[in-house]
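The data block below is start_17.csv; it holds CSV, C-alpha atoms and all ligand atoms.
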```csv
chain,number,residue,atom,x,y,z
A,1,MET,CA,102.4,84.5,129.8
A,2,VAL,CA,99.1,85.8,128.4
A,3,ILE,CA,97.1,82.8,127.3
A,4,SER,CA,94.8,83.2,124.4
A,5,LYS,CA,91.6,81.4,124.1
A,6,ASP,CA,91.9,77.7,123.4
A,7,THR,CA,92.3,77.5,119.6
A,8,SER,CA,92.9,73.8,119.4
A,9,SER,CA,89.2,72.8,119.2
A,10,ILE,CA,88.5,70.3,116.5
A,11,ILE,CA,85.8,72.4,114.8
A,12,PRO,CA,87.4,75.6,113.5
A,13,PRO,CA,85.5,78.8,114.2
A,14,ARG,CA,83.4,80.0,111.4
A,15,TYR,CA,84.7,83.6,111.8
A,16,ARG,CA,87.4,84.8,114.1
A,17,GLY,CA,88.8,88.3,113.4
A,18,ARG,CA,91.3,90.4,115.2
A,19,PHE,CA,92.6,93.9,115.6
A,20,ALA,CA,96.4,94.1,116.0
A,21,PRO,CA,97.7,97.6,116.8
A,22,SER,CA,101.4,98.3,117.3
A,23,PRO,CA,101.9,100.4,120.5
A,24,THR,CA,104.1,102.9,118.7
A,25,GLY,CA,101.5,105.6,119.5
A,26,LEU,CA,97.9,106.2,120.5
A,27,LEU,CA,95.0,105.3,118.3
A,28,HIS,CA,93.9,108.0,115.8
A,29,ALA,CA,91.1,108.3,113.3
A,30,GLY,CA,92.8,106.0,110.8
A,31,SER,CA,93.2,103.3,113.4
A,32,LEU,CA,89.6,103.7,114.3
A,33,LEU,CA,88.5,103.1,110.7
A,34,ALA,CA,90.4,99.8,110.6
A,35,ALA,CA,89.3,98.7,114.1
A,36,THR,CA,85.7,99.6,113.3
A,37,ALA,CA,85.7,97.7,110.0
A,38,SER,CA,87.2,94.5,111.5
A,39,TYR,CA,84.9,94.7,114.5
A,40,LEU,CA,81.7,95.2,112.4
A,41,ASP,CA,82.7,92.5,109.9
A,42,ALA,CA,83.2,90.0,112.8
A,43,ARG,CA,80.1,90.9,114.8
A,44,ALA,CA,77.8,91.1,111.8
A,45,GLN,CA,78.7,87.5,111.1
A,46,SER,CA,78.3,86.5,114.8
A,47,GLY,CA,82.1,86.0,114.8
A,48,GLU,CA,84.7,86.5,117.5
A,49,TRP,CA,87.0,89.5,117.6
A,50,LEU,CA,90.4,89.2,119.3
A,51,LEU,CA,92.8,91.9,120.3
A,52,ARG,CA,96.6,91.5,119.9
A,53,ILE,CA,99.2,94.1,120.8
A,54,GLU,CA,102.1,93.9,118.3
A,55,ASP,CA,104.8,95.0,120.7
A,56,LEU,CA,107.6,93.4,118.7
A,57,ASP,CA,109.8,96.5,118.2
A,58,PRO,CA,110.7,98.1,121.6
A,59,PRO,CA,112.8,100.9,120.1
A,60,ARG,CA,109.7,102.2,118.2
A,61,GLU,CA,107.2,101.8,121.1
A,62,MET,CA,105.8,104.6,123.1
A,63,PRO,CA,105.7,104.1,126.9
A,64,GLY,CA,102.1,103.7,128.0
A,65,ALA,CA,100.7,103.2,124.5
A,66,THR,CA,99.4,99.7,125.2
A,67,ASP,CA,97.3,100.8,128.1
A,68,GLY,CA,96.2,103.9,126.2
A,69,ILE,CA,95.1,101.8,123.3
A,70,LEU,CA,93.1,99.3,125.5
A,71,ARG,CA,91.5,102.1,127.4
A,72,THR,CA,90.5,104.0,124.2
A,73,LEU,CA,89.0,100.8,122.6
A,74,ALA,CA,87.0,100.1,125.7
A,75,ALA,CA,85.8,103.8,125.9
A,76,PHE,CA,84.7,103.5,122.2
A,77,GLY,CA,82.6,100.4,123.1
A,78,PHE,CA,84.7,97.7,121.5
A,79,GLU,CA,84.3,94.4,123.2
A,80,TRP,CA,87.0,91.8,122.6
A,81,ASP,CA,86.9,88.1,123.2
A,82,GLY,CA,89.4,86.4,125.4
A,83,GLU,CA,92.6,87.8,126.9
A,84,VAL,CA,94.6,90.4,125.1
A,85,VAL,CA,97.6,88.8,123.4
A,86,LEU,CA,101.0,90.5,123.6
A,87,GLN,CA,103.6,89.6,120.9
A,88,SER,CA,106.4,90.4,123.3
A,89,ARG,CA,105.4,87.3,125.3
A,90,ARG,CA,105.4,85.0,122.3
A,91,HIS,CA,109.0,84.9,121.1
A,92,ALA,CA,109.2,81.1,121.6
A,93,LEU,CA,106.5,80.6,119.0
A,94,TYR,CA,108.3,82.7,116.5
A,95,ALA,CA,111.6,81.0,117.2
A,96,ALA,CA,110.0,77.6,116.6
A,97,ALA,CA,108.5,78.6,113.3
A,98,LEU,CA,111.9,80.1,112.2
A,99,ALA,CA,113.8,77.0,113.3
A,100,ASP,CA,111.3,74.9,111.3
A,101,LEU,CA,111.9,77.0,108.1
A,102,GLN,CA,115.6,76.9,108.6
A,103,ALA,CA,115.7,73.2,109.1
A,104,ARG,CA,113.9,72.8,105.8
A,105,HIS,CA,116.3,75.2,104.1
A,106,LEU,CA,113.4,77.6,103.3
A,107,ALA,CA,115.1,80.3,105.3
A,108,TYR,CA,118.8,81.3,105.5
A,109,GLY,CA,121.2,83.6,107.3
A,110,CYS,CA,122.1,86.9,105.6
A,111,ALA,CA,125.2,89.0,106.3
A,112,CYS,CA,124.4,91.9,104.0
A,113,THR,CA,124.3,95.4,105.4
A,114,ARG,CA,121.6,97.9,104.4
A,115,LYS,CA,124.1,99.8,102.3
A,116,GLU,CA,125.3,96.7,100.4
A,117,ILE,CA,121.7,95.8,99.6
A,118,ALA,CA,121.0,99.4,98.5
A,119,ASP,CA,124.0,99.4,96.2
A,120,THR,CA,123.2,96.1,94.5
A,121,SER,CA,119.4,96.0,94.2
A,122,ARG,CA,116.5,97.5,92.3
A,123,PRO,CA,113.5,99.0,94.0
A,124,GLY,CA,110.4,96.8,94.8
A,125,VAL,CA,107.0,97.4,96.2
A,126,ASP,CA,108.4,97.8,99.7
A,127,GLY,CA,112.0,98.8,99.6
A,128,PRO,CA,114.8,97.2,97.6
A,129,VAL,CA,114.4,93.7,96.1
A,130,TYR,CA,117.0,91.6,97.9
A,131,PRO,CA,119.3,90.3,95.2
A,132,GLY,CA,119.9,87.0,96.8
A,133,THR,CA,123.6,87.6,97.7
A,134,CYS,CA,123.6,85.2,100.7
A,135,ARG,CA,121.2,82.7,99.4
A,136,ASP,CA,123.8,80.0,98.9
A,137,GLY,CA,125.7,80.8,102.1
A,138,VAL,CA,127.4,83.9,103.5
A,139,ALA,CA,130.8,84.8,102.1
A,140,VAL,CA,133.9,83.6,103.9
A,141,GLY,CA,134.7,85.9,106.9
A,142,ARG,CA,131.2,87.3,107.0
A,143,ILE,CA,128.7,86.6,109.8
A,144,ALA,CA,125.0,86.1,109.2
A,145,ARG,CA,122.9,88.6,111.1
A,146,ALA,CA,119.4,88.6,109.7
A,147,ILE,CA,117.4,85.6,108.6
A,148,ARG,CA,115.5,85.7,105.3
A,149,VAL,CA,112.9,83.4,103.6
A,150,ARG,CA,113.4,82.2,100.0
A,151,VAL,CA,111.0,83.3,97.4
A,152,GLU,CA,112.8,82.4,94.2
A,153,GLY,CA,110.7,80.4,91.9
A,154,VAL,CA,107.5,81.0,93.9
A,155,GLU,CA,104.5,81.3,91.6
A,156,THR,CA,102.7,84.7,91.5
A,157,ILE,CA,100.4,84.9,94.5
A,158,GLN,CA,96.8,85.8,93.9
A,159,TYR,CA,94.0,86.3,96.3
A,160,LEU,CA,90.6,88.0,96.3
A,161,ASP,CA,90.4,90.9,98.7
A,162,ALA,CA,86.9,91.4,99.9
A,163,ILE,CA,87.2,95.2,99.5
A,164,GLN,CA,90.0,95.9,97.0
A,165,GLY,CA,89.2,93.0,94.6
A,166,MET,CA,91.7,90.6,93.0
A,167,GLN,CA,95.3,91.1,94.0
A,168,SER,CA,98.4,89.6,92.6
A,169,GLN,CA,102.1,89.9,93.3
A,170,ASN,CA,105.2,88.1,92.3
A,171,LEU,CA,107.4,87.9,95.3
A,172,ALA,CA,110.6,87.2,93.5
A,173,ASP,CA,110.1,90.2,91.1
A,174,GLN,CA,108.5,92.7,93.5
A,175,VAL,CA,109.8,91.9,97.0
A,176,GLY,CA,112.8,89.4,97.0
A,177,ASP,CA,113.8,87.1,99.9
A,178,PHE,CA,112.4,88.9,102.9
A,179,VAL,CA,113.5,89.3,106.5
A,180,LEU,CA,112.0,87.1,109.2
A,181,ARG,CA,114.4,88.0,112.0
A,182,ARG,CA,116.2,91.3,111.8
A,183,ALA,CA,119.9,92.0,112.2
A,184,ASP,CA,119.1,93.6,115.6
A,185,GLY,CA,117.6,90.3,116.8
A,186,PHE,CA,114.0,91.3,116.7
A,187,TYR,CA,111.4,89.1,114.9
A,188,ALA,CA,110.0,90.7,111.8
A,189,TYR,CA,106.3,91.7,111.6
A,190,GLN,CA,105.7,89.3,108.7
A,191,LEU,CA,106.8,86.3,110.6
A,192,ALA,CA,105.0,87.1,113.9
A,193,VAL,CA,101.7,88.1,112.3
A,194,VAL,CA,101.6,84.8,110.3
A,195,VAL,CA,102.4,82.7,113.4
A,196,ASP,CA,99.9,84.5,115.6
A,197,ASP,CA,97.1,84.5,113.1
A,198,ALA,CA,97.5,80.7,112.7
A,199,GLU,CA,98.0,80.0,116.4
A,200,GLN,CA,95.0,82.2,117.4
A,201,GLY,CA,92.8,80.5,114.8
A,202,ILE,CA,92.1,83.7,112.9
A,203,THR,CA,89.9,83.2,109.8
A,204,HIS,CA,89.4,86.8,108.6
A,205,VAL,CA,91.8,89.7,108.5
A,206,VAL,CA,90.3,93.2,108.0
A,207,ARG,CA,93.0,95.9,108.3
A,208,GLY,CA,94.4,99.0,106.7
A,209,ALA,CA,95.4,99.0,103.0
A,210,ASP,CA,98.9,100.1,104.0
A,211,LEU,CA,99.4,96.4,104.6
A,212,ILE,CA,98.0,95.1,101.4
A,213,ASP,CA,101.4,94.7,99.8
A,214,SER,CA,102.5,92.6,102.8
A,215,THR,CA,99.7,90.1,102.3
A,216,PRO,CA,101.4,88.0,99.6
A,217,ARG,CA,104.4,87.6,101.8
A,218,GLN,CA,102.1,86.4,104.6
A,219,ILE,CA,100.4,84.0,102.3
A,220,HIS,CA,103.8,82.6,101.2
A,221,LEU,CA,104.8,82.0,104.8
A,222,GLN,CA,101.4,80.4,105.6
A,223,ARG,CA,102.1,78.0,102.7
A,224,CYS,CA,105.7,77.3,103.8
A,225,LEU,CA,104.4,76.5,107.4
A,226,SER,CA,101.3,74.6,106.2
A,227,TYR,CA,99.0,77.0,108.0
A,228,PRO,CA,95.4,77.5,106.8
A,229,SER,CA,94.7,80.4,104.5
A,230,LEU,CA,92.7,83.4,105.6
A,231,GLN,CA,90.2,85.8,104.0
A,232,TYR,CA,91.6,89.3,103.6
A,233,ALA,CA,89.9,92.7,103.4
A,234,HIS,CA,91.9,96.0,103.3
A,235,VAL,CA,90.1,99.2,104.2
A,236,PRO,CA,91.3,102.6,102.9
A,237,VAL,CA,94.0,104.3,104.9
A,238,LEU,CA,93.2,107.9,106.1
A,239,VAL,CA,95.7,110.4,104.7
A,240,ASN,CA,96.2,114.1,105.5
A,241,ALA,CA,96.1,117.0,103.0
A,242,ASN,CA,99.7,116.1,101.9
A,243,GLY,CA,98.6,112.5,101.1
A,244,GLU,CA,100.6,111.2,104.2
A,245,LYS,CA,99.1,108.4,106.2
A,246,LEU,CA,97.8,109.6,109.6
A,247,SER,CA,100.3,108.6,112.2
A,248,LYS,CA,102.2,109.8,115.2
A,249,GLN,CA,104.9,111.1,112.8
A,250,THR,CA,102.3,113.1,110.8
A,251,LEU,CA,100.9,114.4,114.1
A,252,ALA,CA,97.5,112.8,113.9
A,253,PRO,CA,95.5,113.7,117.0
A,254,ALA,CA,94.8,110.8,119.4
A,255,LEU,CA,91.1,109.7,119.5
A,256,ASP,CA,89.2,111.5,122.2
A,257,PRO,CA,86.9,109.2,124.2
A,258,ALA,CA,84.7,112.2,125.2
A,259,ASP,CA,83.8,112.4,121.5
A,260,ALA,CA,83.4,108.7,120.8
A,261,GLY,CA,79.9,108.8,119.3
A,262,ARG,CA,80.7,111.4,116.7
A,263,GLN,CA,84.0,109.8,115.7
A,264,LEU,CA,82.4,106.4,115.4
A,265,TRP,CA,79.6,107.9,113.3
A,266,ALA,CA,82.1,109.5,111.0
A,267,ALA,CA,84.1,106.3,110.7
A,268,MET,CA,80.9,104.4,109.8
A,269,GLN,CA,80.1,107.0,107.1
A,270,ALA,CA,83.7,106.6,105.7
A,271,LEU,CA,83.2,102.9,105.6
A,272,GLY,CA,80.2,103.3,103.3
A,273,LEU,CA,77.4,103.0,105.9
A,274,SER,CA,74.7,105.7,106.0
A,275,PRO,CA,74.2,106.2,109.7
A,276,PRO,CA,71.1,108.5,110.4
A,277,PRO,CA,72.1,111.8,112.0
A,278,ALA,CA,69.8,111.0,114.9
A,279,LEU,CA,72.2,108.3,115.9
A,280,LEU,CA,74.6,110.9,117.0
A,281,ASN,CA,72.4,111.6,120.0
A,282,GLU,CA,72.2,107.9,121.0
A,283,LYS,CA,74.3,105.8,123.4
A,284,LEU,CA,77.4,104.1,122.0
A,285,ALA,CA,75.7,100.7,122.4
A,286,ASP,CA,72.9,101.8,120.1
A,287,ILE,CA,75.3,103.2,117.5
A,288,TRP,CA,77.1,99.9,117.5
A,289,GLN,CA,73.9,97.9,117.3
A,290,TRP,CA,72.7,100.0,114.3
A,291,ALA,CA,76.1,99.5,112.6
A,292,ILE,CA,76.3,95.8,113.1
A,293,GLN,CA,72.8,95.4,111.7
A,294,ASN,CA,73.6,97.5,108.6
A,295,TRP,CA,77.2,96.4,107.9
A,296,GLN,CA,77.9,95.5,104.3
A,297,ILE,CA,81.6,95.1,103.5
A,298,ASP,CA,80.9,95.6,99.8
A,299,ARG,CA,80.0,99.2,100.5
A,300,VAL,CA,83.4,100.1,101.8
A,301,PRO,CA,85.2,102.2,99.2
A,302,SER,CA,87.7,100.1,97.2
A,303,SER,CA,90.4,102.8,97.2
A,304,ARG,CA,93.6,102.4,99.1
A,305,VAL,CA,93.4,105.9,100.7
A,306,LEU,CA,90.7,108.3,101.9
A,307,ARG,CA,91.3,112.0,102.7
A,308,ALA,CA,90.9,112.6,106.5
A,309,GLU,CA,89.5,116.1,105.9
A,310,GLN,CA,86.4,114.5,104.2
A,311,LEU,CA,85.6,112.9,107.5
A,312,ASP,CA,85.9,116.2,109.3
A,313,HIS,CA,83.8,117.8,106.7
A,314,ARG,CA,81.0,115.2,107.2
A,315,LEU,CA,81.1,115.7,110.9
A,316,SER,CA,80.8,119.4,110.8
A,317,HIS,CA,77.9,119.5,108.4
A,401,LIG,N1,100.5,95.9,113.9
A,401,LIG,C1,100.1,96.4,112.5
A,401,LIG,C2,99.9,97.9,112.5
A,401,LIG,O1,99.6,98.4,113.6
A,401,LIG,C3,98.9,95.7,112.0
A,401,LIG,C4,99.1,94.3,111.7
A,401,LIG,C5,98.0,93.6,111.0
A,401,LIG,O2,96.8,94.0,111.1
A,401,LIG,O3,98.3,92.6,110.3
A,401,LIG,O4,100.0,98.5,111.5
```

What is this file in structure tokens?
Amino acid sequence: MVISKDTSSIIPPRYRGRFAPSPTGLLHAGSLLAATASYLDARAQSGEWLLRIEDLDPPREMPGATDGILRTLAAFGFEWDGEVVLQSRRHALYAAALADLQARHLAYGCACTRKEIADTSRPGVDGPVYPGTCRDGVAVGRIARAIRVRVEGVETIQYLDAIQGMQSQNLADQVGDFVLRRADGFYAYQLAVVVDDAEQGITHVVRGADLIDSTPRQIHLQRCLSYPSLQYAHVPVLVNANGEKLSKQTLAPALDPADAGRQLWAAMQALGLSPPPALLNEKLADIWQWAIQNWQIDRVPSSRVLRAEQLDHRLSH
């Protein structure tokens, strides 16, 4: 078992951030943007920065990706605090949180298939809004496969995102009762991320804006589980010329450690900093030192996406 730093101290940390990549592929320029923003925000506030590998979904994982991610982060000069935490070793924590929610009737078993849901629901912010078919028990002869959390009657969730501004979402209208454990038996991202952020004593989450619509689900779970609330900041996601998020599927090139300084410099620019061109000739440690001293989260563009080609353009001029 990978043991994280002791988070049970009586005085909570002032700032503890994290980067939590899924090992579905190697890091690309979009991952670098999110990692850089979360690292700079933590270090500029003398905070801690933890690394957590979200290896919850083996069918989607790429062999060797975890090692590749760790090596790339180290080669880019990221320094994390404590041991790297692997979600694959933490199923007992997720099971306990789920059992707690079920015991309090906040979560329930669901027998619906994807097709049944598609046929009976309307679209929401992230797929169909579950119509609540199994909320009062599964029909006779059906077997519960997934586990969902209830959101009916939950008031509209609002929070102030440090980059994107005020956010609000009504879970019942826009999401529906959502899955905590999938029909294939794997724990859902929403549950694991909430349990881990609380268990690791995370105070600040800085991550890609592709996850911004998940945040109200996570706040709801934190409230159900009586966990502390967190500060959130969502950085723009890099998209290609077709407006698609950079990813393995869209063939985004993996980060090249041989070119770390230039890629970091471009990421810093994209995050609203104005790194002097002379920094490009400096050592990584000096680039980081400059960025930590000059970091201002309110200079990060408050858009949900950024065109990756603009980054390339800045680099080549
Ligand atoms: N594992 C998620 C991803 O790679 C990020 C989770 C998070 O930062 O909350 O997209």

**OP:** May I ask you to write as an MDAnalysis selection string all residues lying at most 8 Å from ligand LIG 401 (chain A), with only C-alpha atoms and all ligand atoms counted?
**Re:** chainID A and resid 18:23 53:54 189 193 205:208 210:211

Would you mind listing what lies within 12 Å of Ala278 (chain A) as a PDB file with C-alpha atoms, keeping the file's coordinate frame, with only C-alpha atoms counted and same-chain residues fewer than 5 positions away left out?
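The resulting file, selection-v5.pdb, is reproduced below:
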```
ATOM      1  CA  GLY A 261      79.900 108.800 119.300  1.00  0.00           C
ATOM      2  CA  ARG A 262      80.700 111.400 116.700  1.00  0.00           C
ATOM      3  CA  TRP A 265      79.600 107.900 113.300  1.00  0.00           C
ATOM      4  CA  LYS A 283      74.300 105.800 123.400  1.00  0.00           C
ATOM      5  CA  ASP A 286      72.900 101.800 120.100  1.00  0.00           C
ATOM      6  CA  ILE A 287      75.300 103.200 117.500  1.00  0.00           C
ATOM      7  CA  TRP A 290      72.700 100.000 114.300  1.00  0.00           C
TER       8      TRP A 290
END
```

Original post:
CA of Ser214 (chain A) and CA of Arg122 (chain A), how far apart in Å?
Top reply: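 Interatomic distance here is 18.2 Å.
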
Original post:
Pick from A:Leu70, A:Ala285, A:Ala44, A:Ile202: nearest to Leu26 (chain A), with all atoms listed in the file counted?
Top reply: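 Of A:Leu70, A:Ala285, A:Ala44, A:Ile202, the one nearest Leu26 (chain A), counting all atoms listed in the file, is A:Leu70.
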
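Between Leu50 (chain A) and the residues A:Ala192, A:Ala35, A:Ile69, A:Leu101, the shortest atom-to-atom distance, using all atoms listed in the file, involves A:Ala35.
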
Report as JSON lines the residues of region 219-282 of chain A within 10 Å of region 160-164 of chain A, each with its shortest atom pair and distance in Å (one decimal), using all atoms listed in the file, ordered by chain and increasing residue number.
```
{"residue": "A:Gln231", "atom": "CA", "partner": "A:Asp161", "partner_atom": "CA", "distance": 7.4}
{"residue": "A:Tyr232", "atom": "CA", "partner": "A:Asp161", "partner_atom": "CA", "distance": 5.3}
{"residue": "A:Ala233", "atom": "CA", "partner": "A:Ala162", "partner_atom": "CA", "distance": 4.8}
{"residue": "A:His234", "atom": "CA", "partner": "A:Ile163", "partner_atom": "CA", "distance": 6.1}
{"residue": "A:Val235", "atom": "CA", "partner": "A:Ile163", "partner_atom": "CA", "distance": 6.8}
{"residue": "A:Pro236", "atom": "CA", "partner": "A:Gln164", "partner_atom": "CA", "distance": 9.0}
```

Original post:
CA of Gly30 (chain A) and CA of Leu306 (chain A), how far apart in Å?
Top reply: 9.4 Å

Set the distance at 7 Å and use only C-alpha atoms: which residues neighbour region 72-88 of chain A once local chain neighbours fewer than 3 positions away are removed? I'd like the list as a CSV table (one decimal) with C-alpha atoms, in the coordinates of the input.
```
chain,number,residue,atom,x,y,z
A,2,VAL,CA,99.1,85.8,128.4
A,3,ILE,CA,97.1,82.8,127.3
A,4,SER,CA,94.8,83.2,124.4
A,5,LYS,CA,91.6,81.4,124.1
A,48,GLU,CA,84.7,86.5,117.5
A,49,TRP,CA,87.0,89.5,117.6
A,50,LEU,CA,90.4,89.2,119.3
A,51,LEU,CA,92.8,91.9,120.3
A,52,ARG,CA,96.6,91.5,119.9
A,53,ILE,CA,99.2,94.1,120.8
A,54,GLU,CA,102.1,93.9,118.3
A,55,ASP,CA,104.8,95.0,120.7
A,56,LEU,CA,107.6,93.4,118.7
A,68,GLY,CA,96.2,103.9,126.2
A,69,ILE,CA,95.1,101.8,123.3
A,91,HIS,CA,109.0,84.9,121.1
A,257,PRO,CA,86.9,109.2,124.2
A,260,ALA,CA,83.4,108.7,120.8
A,284,LEU,CA,77.4,104.1,122.0
A,285,ALA,CA,75.7,100.7,122.4
```

Subject >> Which of A:Ala65, A:Val175, A:Leu106, A:Ala308 sits closest to Pro131 (chain A) [using all atoms listed in the file] >> reply: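 Of all the options, A:Val175 lies closest to Pro131 (chain A).
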
Original post:
Nearest to Ser46 (chain A): which of A:Arg142, A:His28, A:Arg16, A:Arg71 is it, counting all atoms listed in the file?
Top reply: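 Once distances to Ser46 (chain A) are computed over all atoms listed in the file, the minimum belongs to A:Arg16.
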
Original post:
To one decimal place, how far is CA of Ser247 (chain A) from CA of Met268 (chain A) in Å?
Top reply: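 Between CA of Ser247 (chain A) and CA of Met268 (chain A) the gap works out to 20.0 Å.
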
Subject >> Residue among A:Gln174, A:Thr24, A:Gln45, A:Thr203 lying closest to Asp126 (chain A), counting all atoms listed in the file >> reply: A:Gln174

Do you know which residues are at most 12 Å from Ile219 (chain A) counting all atoms listed in the file, after dropping those on the same chain fewer than 2 positions away, and could you put them as an mmCIF file with C-alpha atoms, keeping the file's coordinate frame?
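Here's the written file selection_32.cif:
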```cif
data_model
loop_
_atom_site.group_PDB
_atom_site.id
_atom_site.type_symbol
_atom_site.label_atom_id
_atom_site.label_comp_id
_atom_site.auth_asym_id
_atom_site.auth_seq_id
_atom_site.Cartn_x
_atom_site.Cartn_y
_atom_site.Cartn_z
ATOM 1 C CA VAL A 151 111.000 83.300 97.400
ATOM 2 C CA VAL A 154 107.500 81.000 93.900
ATOM 3 C CA GLU A 155 104.500 81.300 91.600
ATOM 4 C CA THR A 156 102.700 84.700 91.500
ATOM 5 C CA ILE A 157 100.400 84.900 94.500
ATOM 6 C CA GLN A 158 96.800 85.800 93.900
ATOM 7 C CA TYR A 159 94.000 86.300 96.300
ATOM 8 C CA SER A 168 98.400 89.600 92.600
ATOM 9 C CA GLN A 169 102.100 89.900 93.300
ATOM 10 C CA ASN A 170 105.200 88.100 92.300
ATOM 11 C CA LEU A 171 107.400 87.900 95.300
ATOM 12 C CA GLN A 190 105.700 89.300 108.700
ATOM 13 C CA LEU A 191 106.800 86.300 110.600
ATOM 14 C CA VAL A 193 101.700 88.100 112.300
ATOM 15 C CA VAL A 194 101.600 84.800 110.300
ATOM 16 C CA VAL A 195 102.400 82.700 113.400
ATOM 17 C CA ASP A 197 97.100 84.500 113.100
ATOM 18 C CA ALA A 198 97.500 80.700 112.700
ATOM 19 C CA ILE A 212 98.000 95.100 101.400
ATOM 20 C CA ASP A 213 101.400 94.700 99.800
ATOM 21 C CA SER A 214 102.500 92.600 102.800
ATOM 22 C CA THR A 215 99.700 90.100 102.300
ATOM 23 C CA PRO A 216 101.400 88.000 99.600
ATOM 24 C CA ARG A 217 104.400 87.600 101.800
ATOM 25 C CA LEU A 221 104.800 82.000 104.800
ATOM 26 C CA GLN A 222 101.400 80.400 105.600
ATOM 27 C CA ARG A 223 102.100 78.000 102.700
ATOM 28 C CA CYS A 224 105.700 77.300 103.800
ATOM 29 C CA LEU A 225 104.400 76.500 107.400
ATOM 30 C CA SER A 226 101.300 74.600 106.200
ATOM 31 C CA TYR A 227 99.000 77.000 108.000
ATOM 32 C CA PRO A 228 95.400 77.500 106.800
ATOM 33 C CA SER A 229 94.700 80.400 104.500
ATOM 34 C CA LEU A 230 92.700 83.400 105.600
ATOM 35 C CA GLN A 231 90.200 85.800 104.000
ATOM 36 C CA TYR A 232 91.600 89.300 103.600
#
```

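In terms of minimum interatomic distance to Arg60 (chain A), A:Lys248 ranks closest within A:Arg43, A:Thr113, A:Asp256, A:Lys248, counting only C-alpha atoms.
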